[in-house]
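Coordinates as given in work21.cif (mmCIF, C-alpha atoms and all ligand atoms):
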data_entry
loop_
_atom_site.label_atom_id
_atom_site.label_comp_id
_atom_site.auth_asym_id
_atom_site.auth_seq_id
_atom_site.Cartn_x
_atom_site.Cartn_y
_atom_site.Cartn_z
CA MET A 1 -22.48 -22.58 9.42
CA THR A 2 -22.26 -26.02 10.94
CA GLU A 3 -18.48 -26.53 10.90
CA PRO A 4 -16.81 -25.32 14.10
CA VAL A 5 -13.96 -23.70 12.15
CA LEU A 6 -16.41 -21.33 10.51
CA ALA A 7 -17.62 -19.17 13.40
CA GLY A 8 -18.27 -15.58 12.28
CA PRO A 9 -18.56 -14.33 8.68
CA ARG A 10 -17.44 -16.61 5.86
CA PRO A 11 -13.65 -16.36 5.80
CA ALA A 12 -11.89 -15.36 2.60
CA ILE A 13 -8.96 -17.22 1.01
CA SER A 14 -6.61 -14.58 2.41
CA GLU A 15 -7.94 -15.29 5.92
CA ILE A 16 -7.71 -19.07 5.94
CA ASP A 17 -4.74 -20.94 7.31
CA VAL A 18 -3.82 -24.49 6.35
CA PRO A 19 -4.88 -26.13 9.67
CA SER A 20 -8.40 -24.61 9.50
CA LEU A 21 -8.72 -25.61 5.87
CA ALA A 22 -7.54 -29.12 6.75
CA ALA A 23 -10.14 -29.31 9.55
CA TRP A 24 -12.87 -28.18 7.17
CA LEU A 25 -11.78 -30.77 4.60
CA SER A 26 -11.65 -33.54 7.18
CA ALA A 27 -15.18 -32.69 8.38
CA ARG A 28 -16.28 -33.30 4.77
CA GLY A 29 -14.29 -36.52 4.43
CA GLU A 30 -11.88 -34.95 1.93
CA PRO A 31 -8.14 -35.76 1.91
CA ALA A 32 -5.81 -33.30 3.66
CA TYR A 33 -3.68 -32.71 0.54
CA ARG A 34 -6.57 -30.75 -0.92
CA ALA A 35 -5.67 -27.85 1.42
CA GLY A 36 -2.46 -27.12 -0.52
CA GLN A 37 -4.29 -27.60 -3.82
CA ILE A 38 -6.97 -25.10 -2.82
CA LEU A 39 -4.50 -22.48 -1.59
CA SER A 40 -2.18 -22.66 -4.57
CA GLY A 41 -5.12 -22.81 -7.01
CA ALA A 42 -6.78 -19.76 -5.48
CA HIS A 43 -3.52 -17.80 -5.90
CA ARG A 44 -3.09 -18.62 -9.58
CA PRO A 45 -3.28 -15.48 -11.74
CA ASP A 46 -6.07 -16.98 -13.87
CA ALA A 47 -8.37 -17.87 -10.97
CA ALA A 48 -11.28 -15.48 -10.50
CA ALA A 49 -13.61 -17.80 -8.53
CA PHE A 50 -13.58 -21.20 -6.83
CA ASP A 51 -15.19 -22.62 -9.96
CA ASP A 52 -11.96 -21.91 -11.87
CA LEU A 53 -10.09 -24.49 -9.75
CA THR A 54 -10.97 -27.26 -12.18
CA GLU A 55 -8.43 -29.62 -10.61
CA LEU A 56 -10.97 -29.98 -7.78
CA PRO A 57 -14.17 -32.01 -8.01
CA ARG A 58 -17.23 -29.87 -8.81
CA THR A 59 -18.93 -30.71 -5.52
CA LEU A 60 -15.90 -29.50 -3.58
CA ARG A 61 -15.79 -26.26 -5.57
CA ARG A 62 -19.47 -25.69 -4.75
CA ALA A 63 -18.88 -26.39 -1.06
CA LEU A 64 -15.94 -23.98 -0.99
CA ALA A 65 -18.02 -21.25 -2.62
CA ALA A 66 -20.76 -21.82 -0.02
CA ASP A 67 -18.47 -21.67 3.00
CA PHE A 68 -15.70 -19.26 1.95
CA ARG A 69 -15.34 -15.98 0.11
CA PHE A 70 -12.83 -15.63 -2.71
CA SER A 71 -11.97 -12.14 -1.41
CA THR A 72 -12.77 -9.82 1.51
CA ILE A 73 -13.40 -7.15 -1.15
CA ALA A 74 -17.10 -7.05 -1.99
CA ASP A 75 -16.90 -4.73 -5.01
CA SER A 76 -14.33 -2.61 -6.84
CA HIS A 77 -14.52 0.43 -9.07
CA VAL A 78 -11.45 0.77 -11.31
CA MET A 79 -10.34 3.76 -13.33
CA GLY A 80 -7.44 3.87 -15.77
CA ALA A 81 -5.03 6.68 -16.59
CA ASP A 82 -1.69 7.36 -18.29
CA GLY A 83 -2.68 5.36 -21.37
CA GLY A 84 -3.44 2.25 -19.34
CA MET A 85 -0.14 2.35 -17.41
CA THR A 86 -1.92 3.38 -14.18
CA ALA A 87 -5.12 1.99 -12.73
CA LYS A 88 -6.74 2.93 -9.47
CA ALA A 89 -9.36 0.98 -7.57
CA VAL A 90 -11.81 1.98 -4.89
CA HIS A 91 -12.66 -1.24 -3.06
CA GLU A 92 -15.79 -1.70 -1.00
CA LEU A 93 -15.44 -4.03 1.99
CA ALA A 94 -18.13 -6.22 3.56
CA ASP A 95 -19.24 -3.47 5.98
CA GLY A 96 -19.32 -0.75 3.31
CA GLN A 97 -15.97 0.85 4.22
CA ARG A 98 -14.05 1.99 1.15
CA ILE A 99 -10.31 1.81 0.57
CA GLU A 100 -8.03 2.42 -2.38
CA SER A 101 -5.22 0.69 -4.19
CA VAL A 102 -3.25 1.68 -7.29
CA LEU A 103 -1.45 -0.30 -10.00
CA MET A 104 1.40 1.45 -11.81
CA ARG A 105 3.25 -0.14 -14.69
CA TYR A 106 6.58 1.18 -15.95
CA PRO A 107 7.74 0.25 -19.46
CA ALA A 108 11.00 -1.63 -19.99
CA ARG A 109 13.98 0.72 -20.15
CA GLY A 110 17.45 -0.38 -21.27
CA ALA A 111 18.40 -3.61 -19.56
CA ALA A 112 15.58 -3.25 -17.03
CA GLY A 113 12.39 -5.08 -17.96
CA GLU A 114 8.86 -3.85 -17.32
CA ARG A 115 8.26 -2.95 -13.69
CA THR A 116 5.03 -2.93 -11.74
CA THR A 117 4.24 -1.20 -8.46
CA ILE A 118 1.10 -1.91 -6.44
CA CYS A 119 0.20 0.68 -3.80
CA ILE A 120 -2.06 -0.60 -1.00
CA SER A 121 -3.98 0.77 2.00
CA SER A 122 -3.46 -0.33 5.61
CA GLN A 123 -6.42 1.46 7.23
CA ALA A 124 -9.79 2.84 6.08
CA GLY A 125 -8.95 6.53 6.58
CA CYS A 126 -6.15 7.77 8.82
CA ALA A 127 -5.97 9.47 12.20
CA VAL A 128 -2.68 11.29 11.58
CA ALA A 129 -4.55 14.10 9.77
CA CYS A 130 -1.81 15.55 7.56
CA PRO A 131 -3.51 18.67 6.10
CA PHE A 132 -2.30 18.12 2.49
CA CYS A 133 -3.59 14.52 2.34
CA ALA A 134 -7.14 13.63 1.26
CA THR A 135 -7.15 10.55 3.52
CA GLY A 136 -6.03 12.62 6.48
CA GLN A 137 -8.77 15.16 5.85
CA ALA A 138 -11.45 12.44 5.77
CA GLY A 139 -10.50 11.12 9.23
CA PHE A 140 -10.20 7.58 10.58
CA GLY A 141 -12.62 4.81 9.63
CA ARG A 142 -11.23 1.55 11.01
CA GLN A 143 -8.26 -0.79 10.97
CA LEU A 144 -7.98 -3.19 8.02
CA THR A 145 -7.56 -6.90 8.70
CA PRO A 146 -4.54 -8.73 7.26
CA GLY A 147 -6.85 -10.34 4.68
CA GLU A 148 -8.23 -6.97 3.60
CA ILE A 149 -4.68 -5.69 3.07
CA VAL A 150 -3.59 -8.79 1.11
CA ASP A 151 -6.76 -8.85 -1.03
CA GLN A 152 -5.81 -5.50 -2.58
CA VAL A 153 -2.71 -7.19 -4.02
CA LEU A 154 -4.75 -10.24 -5.03
CA HIS A 155 -7.20 -7.92 -6.81
CA TRP A 156 -4.44 -6.82 -9.22
CA HIS A 157 -2.93 -10.32 -9.40
CA ARG A 158 -6.21 -11.82 -10.59
CA PRO A 159 -8.04 -11.41 -13.93
CA PRO A 160 -8.22 -9.17 -15.85
CA TRP A 161 -5.07 -7.48 -14.49
CA ASN A 162 -2.67 -10.37 -13.77
CA ALA A 163 -0.17 -7.74 -12.62
CA LEU A 164 2.17 -10.19 -10.88
CA GLY A 165 1.58 -13.21 -13.02
CA GLY A 166 3.96 -15.24 -15.11
CA ALA A 167 7.43 -14.19 -16.22
CA GLY A 168 9.10 -11.07 -14.88
CA ARG A 169 7.87 -11.65 -11.34
CA GLY A 170 11.10 -10.14 -10.11
CA HIS A 171 10.21 -6.68 -11.36
CA TYR A 172 7.48 -5.54 -9.07
CA ASN A 173 7.05 -3.73 -5.79
CA ILE A 174 4.34 -3.57 -3.17
CA VAL A 175 4.21 -0.24 -1.30
CA PHE A 176 2.12 0.61 1.78
CA MET A 177 1.46 4.12 0.46
CA GLY A 178 -2.31 4.08 0.02
CA MET A 179 -4.74 5.09 2.75
CA GLY A 180 -3.72 4.84 6.37
CA GLU A 181 -0.69 4.74 8.64
CA PRO A 182 0.58 1.12 8.55
CA LEU A 183 2.51 1.43 11.82
CA ASN A 184 -0.69 2.51 13.61
CA ASN A 185 -1.99 -0.93 12.54
CA ALA A 186 1.34 -2.71 12.90
CA ASP A 187 0.23 -6.19 14.06
CA ARG A 188 -2.17 -6.59 11.13
CA ALA A 189 0.09 -4.90 8.58
CA PHE A 190 3.01 -7.17 9.64
CA GLU A 191 0.76 -10.23 9.40
CA ALA A 192 -0.26 -9.08 5.90
CA VAL A 193 3.44 -8.90 4.94
CA ARG A 194 3.94 -12.45 6.21
CA LEU A 195 0.91 -13.64 4.20
CA LEU A 196 2.30 -11.91 1.08
CA ASN A 197 5.66 -13.64 1.73
CA ASP A 198 4.11 -17.11 2.16
CA PRO A 199 5.42 -19.36 -0.63
CA GLN A 200 2.10 -21.25 -0.61
CA ARG A 201 0.35 -17.98 -1.44
CA LEU A 202 1.82 -15.12 -3.50
CA GLY A 203 5.40 -15.74 -2.35
CA ILE A 204 6.35 -12.06 -2.62
CA GLY A 205 9.88 -11.41 -1.33
CA ALA A 206 10.20 -8.98 1.58
CA ARG A 207 12.72 -6.95 -0.42
CA HIS A 208 9.95 -6.13 -2.89
CA ILE A 209 7.80 -4.62 -0.12
CA THR A 210 8.03 -1.08 1.30
CA VAL A 211 6.29 0.20 4.42
CA SER A 212 5.83 3.99 4.47
CA THR A 213 5.32 5.73 7.80
CA SER A 214 4.64 9.25 8.99
CA GLY A 215 7.12 8.53 11.81
CA VAL A 216 5.68 6.07 14.34
CA VAL A 217 8.95 5.41 16.16
CA PRO A 218 8.00 2.23 18.13
CA GLY A 219 6.67 0.66 14.91
CA MET A 220 9.90 1.49 13.09
CA ASP A 221 11.87 -0.25 15.85
CA ARG A 222 9.59 -3.29 15.58
CA MET A 223 10.37 -3.48 11.86
CA ILE A 224 14.08 -3.90 12.67
CA THR A 225 13.45 -7.14 14.52
CA GLU A 226 10.23 -8.40 12.90
CA LEU A 227 10.59 -7.38 9.24
CA PRO A 228 14.30 -6.61 8.72
CA GLN A 229 14.15 -7.32 4.97
CA VAL A 230 11.22 -5.02 4.26
CA ASN A 231 12.08 -1.52 2.99
CA LEU A 232 11.31 1.48 5.16
CA ALA A 233 10.16 4.86 3.82
CA ILE A 234 9.71 7.80 6.19
CA SER A 235 7.38 10.64 5.21
CA LEU A 236 9.46 13.59 6.42
CA HIS A 237 7.96 16.53 4.45
CA ALA A 238 9.72 19.16 6.60
CA ALA A 239 13.19 19.63 8.05
CA THR A 240 12.23 21.71 11.11
CA ASP A 241 9.89 20.68 13.94
CA GLU A 242 7.97 23.94 13.64
CA LEU A 243 6.92 23.17 10.05
CA ARG A 244 6.61 19.41 10.54
CA ASP A 245 4.26 19.89 13.52
CA GLU A 246 1.89 21.49 11.02
CA LEU A 247 2.39 19.19 8.01
CA VAL A 248 2.67 15.84 9.83
CA PRO A 249 0.90 16.39 13.18
CA ILE A 250 2.22 13.12 14.66
CA ASN A 251 5.53 15.05 14.86
CA ARG A 252 4.27 16.52 18.15
CA LYS A 253 4.50 13.03 19.59
CA TRP A 254 7.71 11.87 17.86
CA PRO A 255 9.70 14.92 16.74
CA LEU A 256 12.17 14.98 13.85
CA ARG A 257 15.19 14.16 16.00
CA GLU A 258 13.57 10.91 17.21
CA VAL A 259 12.19 9.99 13.78
CA VAL A 260 15.57 10.44 12.08
CA ALA A 261 17.30 8.54 14.91
CA ALA A 262 14.88 5.63 14.38
CA GLY A 263 15.59 5.73 10.63
CA ARG A 264 19.34 5.62 11.35
CA ARG A 265 18.88 2.64 13.71
CA PHE A 266 16.93 0.80 11.00
CA ALA A 267 19.62 1.51 8.39
CA ALA A 268 22.46 0.53 10.74
CA ARG A 269 20.85 -2.69 11.97
CA THR A 270 19.46 -3.93 8.64
CA GLY A 271 22.06 -2.53 6.23
CA ARG A 272 19.15 -1.24 4.14
CA ARG A 273 18.83 2.23 2.66
CA VAL A 274 15.93 4.24 4.11
CA SER A 275 13.88 6.43 1.80
CA LEU A 276 12.97 9.90 3.08
CA GLU A 277 9.76 11.03 1.35
CA TYR A 278 9.25 14.75 0.92
CA VAL A 279 6.10 16.23 -0.64
CA MET A 280 7.00 19.53 -2.32
CA ILE A 281 4.54 22.32 -1.42
CA ASP A 282 4.94 25.67 -3.19
CA GLY A 283 6.44 28.35 -0.95
CA LEU A 284 6.11 26.26 2.23
CA ASN A 285 8.68 23.48 2.60
CA ASP A 286 10.65 24.06 -0.62
CA THR A 287 12.92 26.90 0.54
CA ASP A 288 16.73 26.89 0.43
CA GLU A 289 16.75 26.78 4.22
CA GLN A 290 14.61 23.62 4.35
CA ALA A 291 16.81 22.07 1.63
CA SER A 292 20.04 22.59 3.57
CA ARG A 293 18.48 21.46 6.86
CA LEU A 294 17.13 18.35 5.10
CA ALA A 295 20.59 17.66 3.67
CA ALA A 296 22.02 17.84 7.20
CA LEU A 297 19.42 15.33 8.48
CA ALA A 298 19.92 12.90 5.57
CA ARG A 299 23.69 13.08 5.29
CA GLY A 300 26.15 10.53 6.68
CA TRP A 301 23.91 7.46 6.87
CA ARG A 302 22.25 5.07 4.46
CA SER A 303 19.33 7.26 3.32
CA HIS A 304 18.08 8.86 0.17
CA VAL A 305 15.54 11.60 -0.44
CA ASN A 306 12.55 11.09 -2.71
CA LEU A 307 10.80 14.34 -3.66
CA ILE A 308 7.10 14.17 -4.57
CA PRO A 309 5.42 17.20 -6.18
CA LEU A 310 2.22 17.85 -4.20
CA ASN A 311 -0.94 16.62 -5.89
CA PRO A 312 -3.33 19.25 -4.48
CA THR A 313 -6.53 17.92 -2.90
CA PRO A 314 -9.81 19.59 -3.95
CA GLY A 315 -10.07 23.01 -2.29
CA SER A 316 -6.43 22.83 -1.15
CA ARG A 317 -4.83 26.10 -0.03
CA TRP A 318 -1.52 24.78 -1.38
CA SER A 319 -0.11 23.92 -4.78
CA GLY A 320 2.83 21.86 -5.95
CA THR A 321 6.33 23.33 -6.23
CA PRO A 322 7.18 24.40 -9.80
CA ARG A 323 9.81 22.36 -11.64
CA THR A 324 12.55 25.02 -11.51
CA ARG A 325 12.40 25.20 -7.72
CA ILE A 326 12.34 21.40 -7.43
CA ASP A 327 15.53 21.36 -9.53
CA ARG A 328 17.11 23.91 -7.20
CA PHE A 329 16.10 21.85 -4.14
CA VAL A 330 17.58 18.72 -5.75
CA ALA A 331 20.82 20.58 -6.49
CA THR A 332 21.19 21.69 -2.85
CA LEU A 333 20.61 18.14 -1.59
CA ARG A 334 23.02 16.57 -4.07
CA ALA A 335 25.66 19.21 -3.34
CA GLY A 336 25.20 18.24 0.31
CA GLY A 337 26.04 14.63 -0.55
CA VAL A 338 22.48 13.24 -0.38
CA PRO A 339 21.24 10.86 -3.11
CA THR A 340 17.99 12.42 -4.36
CA THR A 341 15.28 11.40 -6.80
CA VAL A 342 12.05 13.08 -7.95
CA ARG A 343 9.05 10.76 -8.12
CA ASP A 344 7.06 10.89 -11.34
CA THR A 345 3.48 11.82 -10.63
CA ARG A 346 1.10 9.18 -11.80
CA GLY A 347 -2.59 9.22 -12.43
CA ARG A 348 -3.34 12.89 -11.83
CA GLU A 349 -6.48 12.65 -13.93
CA ILE A 350 -7.82 9.86 -11.70
CA GLU A 351 -6.98 11.63 -8.44
CA ALA A 352 -4.41 8.97 -7.66
CA ALA A 353 -3.01 10.67 -4.55
CA CYS A 354 -3.87 9.16 -1.22
CA GLY A 355 -7.63 9.06 -0.63
CA GLN A 356 -8.68 11.43 -3.37
CA LEU A 357 -10.77 9.16 -5.56
CA HIS A 358 -12.52 7.87 -2.46
CA ALA A 359 -13.38 11.45 -1.47
CA GLN A 360 -14.69 12.19 -4.94
CA LEU A 361 -17.00 9.16 -4.88
CA SER A 362 -18.40 9.75 -1.42
CA GLY A 363 -22.13 9.19 -1.20
CA ARG A 364 -22.34 7.29 -4.50
CA SER A 365 -22.56 3.55 -4.93
CA LEU A 366 -19.71 1.94 -6.85
CA ARG A 367 -22.23 0.83 -9.46
CA GLU A 368 -23.39 4.43 -10.00
CA ALA A 369 -19.78 5.56 -10.17
CA ARG A 370 -19.00 2.93 -12.81
CA GLU A 371 -21.99 3.96 -14.89
CA ALA A 372 -21.14 7.65 -14.66
CA ALA A 373 -17.42 7.28 -15.31
CA ALA A 374 -16.15 8.91 -18.48
CA LEU A 375 -12.76 7.19 -18.33
CA PRO A 376 -12.13 3.58 -19.36
CA VAL A 377 -13.55 1.39 -16.63
CA ALA A 378 -13.32 -2.23 -15.68
CA SER A 379 -15.06 -3.85 -12.79
CA ALA A 380 -13.80 -6.71 -10.71
N1 LIG A 401 0.61 7.09 6.18
C1 LIG A 401 1.81 6.69 5.55
C2 LIG A 401 1.59 5.91 4.26
C3 LIG A 401 0.48 6.38 3.38
S1 LIG A 401 0.66 8.02 2.70
C4 LIG A 401 2.70 7.88 5.30
O1 LIG A 401 2.24 9.01 5.45
O2 LIG A 401 3.86 7.65 4.97
C5 LIG A 401 1.79 7.64 1.38
C6 LIG A 401 2.52 8.85 0.81
O3 LIG A 401 1.63 9.68 0.03
C7 LIG A 401 3.12 9.73 1.89
O4 LIG A 401 4.48 9.99 1.66
C8 LIG A 401 2.25 10.94 1.77
O5 LIG A 401 2.88 12.04 2.26
C9 LIG A 401 1.93 11.01 0.29
N2 LIG A 401 0.82 11.93 -0.01
C10 LIG A 401 -0.31 12.12 0.70
N3 LIG A 401 -1.08 13.09 0.15
C11 LIG A 401 -0.40 13.53 -0.94
C12 LIG A 401 -0.66 14.55 -1.92
N4 LIG A 401 -1.79 15.28 -1.87
N5 LIG A 401 0.26 14.74 -2.89
C13 LIG A 401 1.39 14.01 -2.94
N6 LIG A 401 1.68 13.04 -2.04
C14 LIG A 401 0.82 12.81 -1.05
FE1 LIG A 402 -2.20 9.48 7.15
FE2 LIG A 402 -0.06 9.24 5.53
FE3 LIG A 402 -2.19 10.75 4.79
FE4 LIG A 402 -0.60 11.61 6.77
S1 LIG A 402 -0.03 11.29 4.60
S2 LIG A 402 -2.86 11.59 6.81
S3 LIG A 402 -0.06 9.67 7.74
S4 LIG A 402 -2.18 8.54 5.11
#
For the file at hand, write its structure as structure tokens.
Ligand code: SAH
Ligand code: SF4
Amino acid sequence: MTEPVLAGPRPAISEIDVPSLAAWLSARGEPAYRAGQILSGAHRPDAAAFDDLTELPRTLRRALAADFRFSTIADSHVMGADGGMTAKAVHELADGQRIESVLMRYPARGAAGERTTICISSQAGCAVACPFCATGQAGFGRQLTPGEIVDQVLHWHRPPWNALGGAGRGHYNIVFMGMGEPLNNADRAFEAVRLLNDPQRLGIGARHITVSTSGVVPGMDRMITELPQVNLAISLHAATDELRDELVPINRKWPLREVVAAGRRFAARTGRRVSLEYVMIDGLNDTDEQASRLAALARGWRSHVNLIPLNPTPGSRWSGTPRTRIDRFVATLRAGGVPTTVRDTRGREIEAACGQLHAQLSGRSLREAREAAALPVASA
């Protein structure tokens, strides 16, 4: 590269800021207003390559394609499930690391229109090592850059998915519930949120974004001041330290008392309801005792409990709690005054839980995986 702004690998759209783009344009003798044109064009739902920005002269499109990448994602393998309502992608990054994101569509119900949720990763792997989680079992790879986090959303925004495009943009959510612990990569995850918010880019409102954490207390406190409009979800999974030390090992560093106190601070300071996530594991954390202890932790502040039946990882020693016991757990929580929901489990046939598809594909190229796939497949 000759331009000084282009030291290092070719930056992607998600990694360029307006001043660098303006400097690049000025070095080519192009007017500065092109920077806004390029950014907004590259975020249109119908744009799949620089060549689609037909409002730009052809020579400029060619120069952009030579000096920039359209995405930090080098390749994606996509599998569909639930009659096309769920799609999961394994993305390969420039250095070969693989991460996952999931698109879930929910049909219109009553007055509510169609809703879309995009679940994204914040790290390649995860160091927290929760024993029920496929990502945790695979260990830590590396931190994702802000661009790599944002490009997972852009993947589903662009053709052929157009998940955020056009009308109904109000009815979608972005959740940091893929691979990784976002608050162990807080600077980059927060920067990704700001990029997603940027009106010159996707313009996604903070209230449509949820950060899920295993309980990194300093990161939760940073959210109060830095991202007060973003939703917070805490992966609790146990209501005693003894059990939580085993299920969410980071509990040895920040025990339940501190995690719940941080959740209460967030709720009190932001006025926002905190979601307490609880994976239901048969015979382990689904007892009456855990239910009443959980009710005591969740009661009296702006929280609600979201129960998730375990999606067992291959070779798992655990299975999900049967429906009747989930109902009993729900009844105890509700009787204790705690708003409680049960999450519907999506994409079981495509291993949609955290890190599972990635684990299943290990050692195979994405091209081989695409060719071997029995389920409907699209590539990006
Ligand atoms: N590291 C963060 C965010 C990513 S995990 C966190 O733990 O909150 C996102 C959610 O998926 C967490 O609530 C996690 O507990 C859940 N999860 C992980 N493995 C699962 C499995 N096998 N079945 C059901 N949920 C799972
Ligand atoms: Fe990491 Fe979350 Fe999986 Fe635990 S559940 S290992 S924190 S990704």
For the contact check between segment 259-280 of chain A and segment 244-247 of chain A, emit one row per residue of segment 259-280 of chain A within 12 Å, containing the shortest atom pair and the distance in Å rounded to one decimal, counting all atoms listed in the file, chain then rising number order, as a tab-separated table.
residue	atom	partner	partner_atom	distance
A:Val259	CA	A:Arg244	CA	11.4
A:Tyr278	CA	A:Leu247	CA	10.8
A:Val279	CA	A:Leu247	CA	9.9
A:Met280	CA	A:Leu247	CA	11.3
- Task: Write out as a count of residues only each polymer residue (protein, DNA or RNA) that has an atom no more than 9 Å from ligand LIG 401 (chain A), with all atoms listed in the file counted.
- Result: 54
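With atom CA of Pro9 of chain A on one side and atom CA of Asp46 of chain A on the other, the separation reads 25.9 Å.
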- Message: I'd like to know which of A:Gly315, A:Gly36, A:Gly83, A:Gly125 is closest to ligand LIG 402 (chain A), using all atoms listed in the file.
- Response: A:Gly125
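Ranking A:Ala262, A:Lys253, A:Arg273, A:Ala127 by their shortest atom-to-atom distance to ligand LIG 402 (chain A), with all atoms listed in the file included, puts A:Ala127 first.
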Spatial neighbours of segment 55-67 of chain A, 9 Å, only C-alpha atoms, chain gap at least 5 places, as a PDB file with C-alpha atoms, keeping the file's coordinate frame:
ATOM      1  CA  MET A   1     -22.480 -22.580   9.420  1.00  0.00           C
ATOM      2  CA  LEU A   6     -16.410 -21.330  10.510  1.00  0.00           C
ATOM      3  CA  ARG A  10     -17.440 -16.610   5.860  1.00  0.00           C
ATOM      4  CA  PRO A  11     -13.650 -16.360   5.800  1.00  0.00           C
ATOM      5  CA  GLU A  30     -11.880 -34.950   1.930  1.00  0.00           C
ATOM      6  CA  ARG A  34      -6.570 -30.750  -0.920  1.00  0.00           C
ATOM      7  CA  GLN A  37      -4.290 -27.600  -3.820  1.00  0.00           C
ATOM      8  CA  ILE A  38      -6.970 -25.100  -2.820  1.00  0.00           C
ATOM      9  CA  GLY A  41      -5.120 -22.810  -7.010  1.00  0.00           C
ATOM     10  CA  ALA A  49     -13.610 -17.800  -8.530  1.00  0.00           C
ATOM     11  CA  PHE A  50     -13.580 -21.200  -6.830  1.00  0.00           C
TER      12      PHE A  50
END
As lines of an AutoDock Vina configuration file, please: the centre and edge lengths in Å, to one decimal, of an axis-aligned box enclosing every listed atom of ligand LIG 402 (chain A) with 4 Å added on each side.
center_x = -1.4
center_y = 10.1
center_z = 6.2
size_x = 10.8
size_y = 11.1
size_z = 11.1
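Among A:Ala238, A:Val193, A:Ile250, A:Ala129, the residue with the shortest atom-to-atom distance to ligand LIG 402 (chain A), counting all atoms listed in the file, is A:Ala129.
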